[in-house]
Amino acid sequence: MSGLLTLIPARRWPRAVREIYLWGPAVLLGGGLAAMSLASAPSATAAEEIEQRAERSAEQTPEERRASPLRRVVAGLVIGSVVGGTAHGIARLSLWADDAAERGLRGIGVRRPRPVMAVVGGIGVGAMAAAENRAESRGKTEDSGRSEASSETGAGAGSAAAPEADQPSSSAPS
């Protein structure tokens, strides 16, 4: 699928599609984080919040003051803005890189750079998927080896004794 999408240059996309590509992830990621922080906002009015905070501040430790609901909301809004801005910047960078790759291929004499880019992109996605599958299968093999070792020691696969199965026993004679 990735290779097929490369065949159509972004400059030929309808403006609405380009804007959705640029702003969609930024709004969804950044807005989602900001919305989650607002959902955790206190329900008290601002005056009640100030009054309650003044009463509690004498009793609170510095760690508790740092974890106040207002600070969480502000932190969520800042993090949401940074994540959204980063997502937008990455989308813009990807459009620039796509155009630069096409111009570069044309510059070295490739008459139809888009099919070349599509094939290279498809090979890249396939290689990443194969590497991920290999890593997952290695992880499953290691996990099954750990569960077998922990079952030999009488512990279940998810118990706290499982990590000790890989370590030599300190009670073994030397």
# chains A, B, ... in the order shown; residues from 1 in each chain; ligands from 1
call {"tool": "closest_atom_pairs", "arguments": {"of": "segment 1-32 of chain A", "to": "segment 71-82 of chain A", "cutoff": "8 Å", "atoms": "only C-alpha atoms", "output": "JSON lines"}}
result
{"residue": "A:Leu29", "atom": "CA", "partner": "A:Gly80", "partner_atom": "CA", "distance": 7.0}
{"residue": "A:Gly30", "atom": "CA", "partner": "A:Gly80", "partner_atom": "CA", "distance": 4.0}
{"residue": "A:Gly31", "atom": "CA", "partner": "A:Gly80", "partner_atom": "CA", "distance": 6.2}
{"residue": "A:Gly32", "atom": "CA", "partner": "A:Gly80", "partner_atom": "CA", "distance": 7.3}
call {"tool": "atom_distance", "arguments": {"atom1": "atom CA of Ile90 of chain A", "atom2": "atom CA of Arg18 of chain A"}}
result
13.5 Å
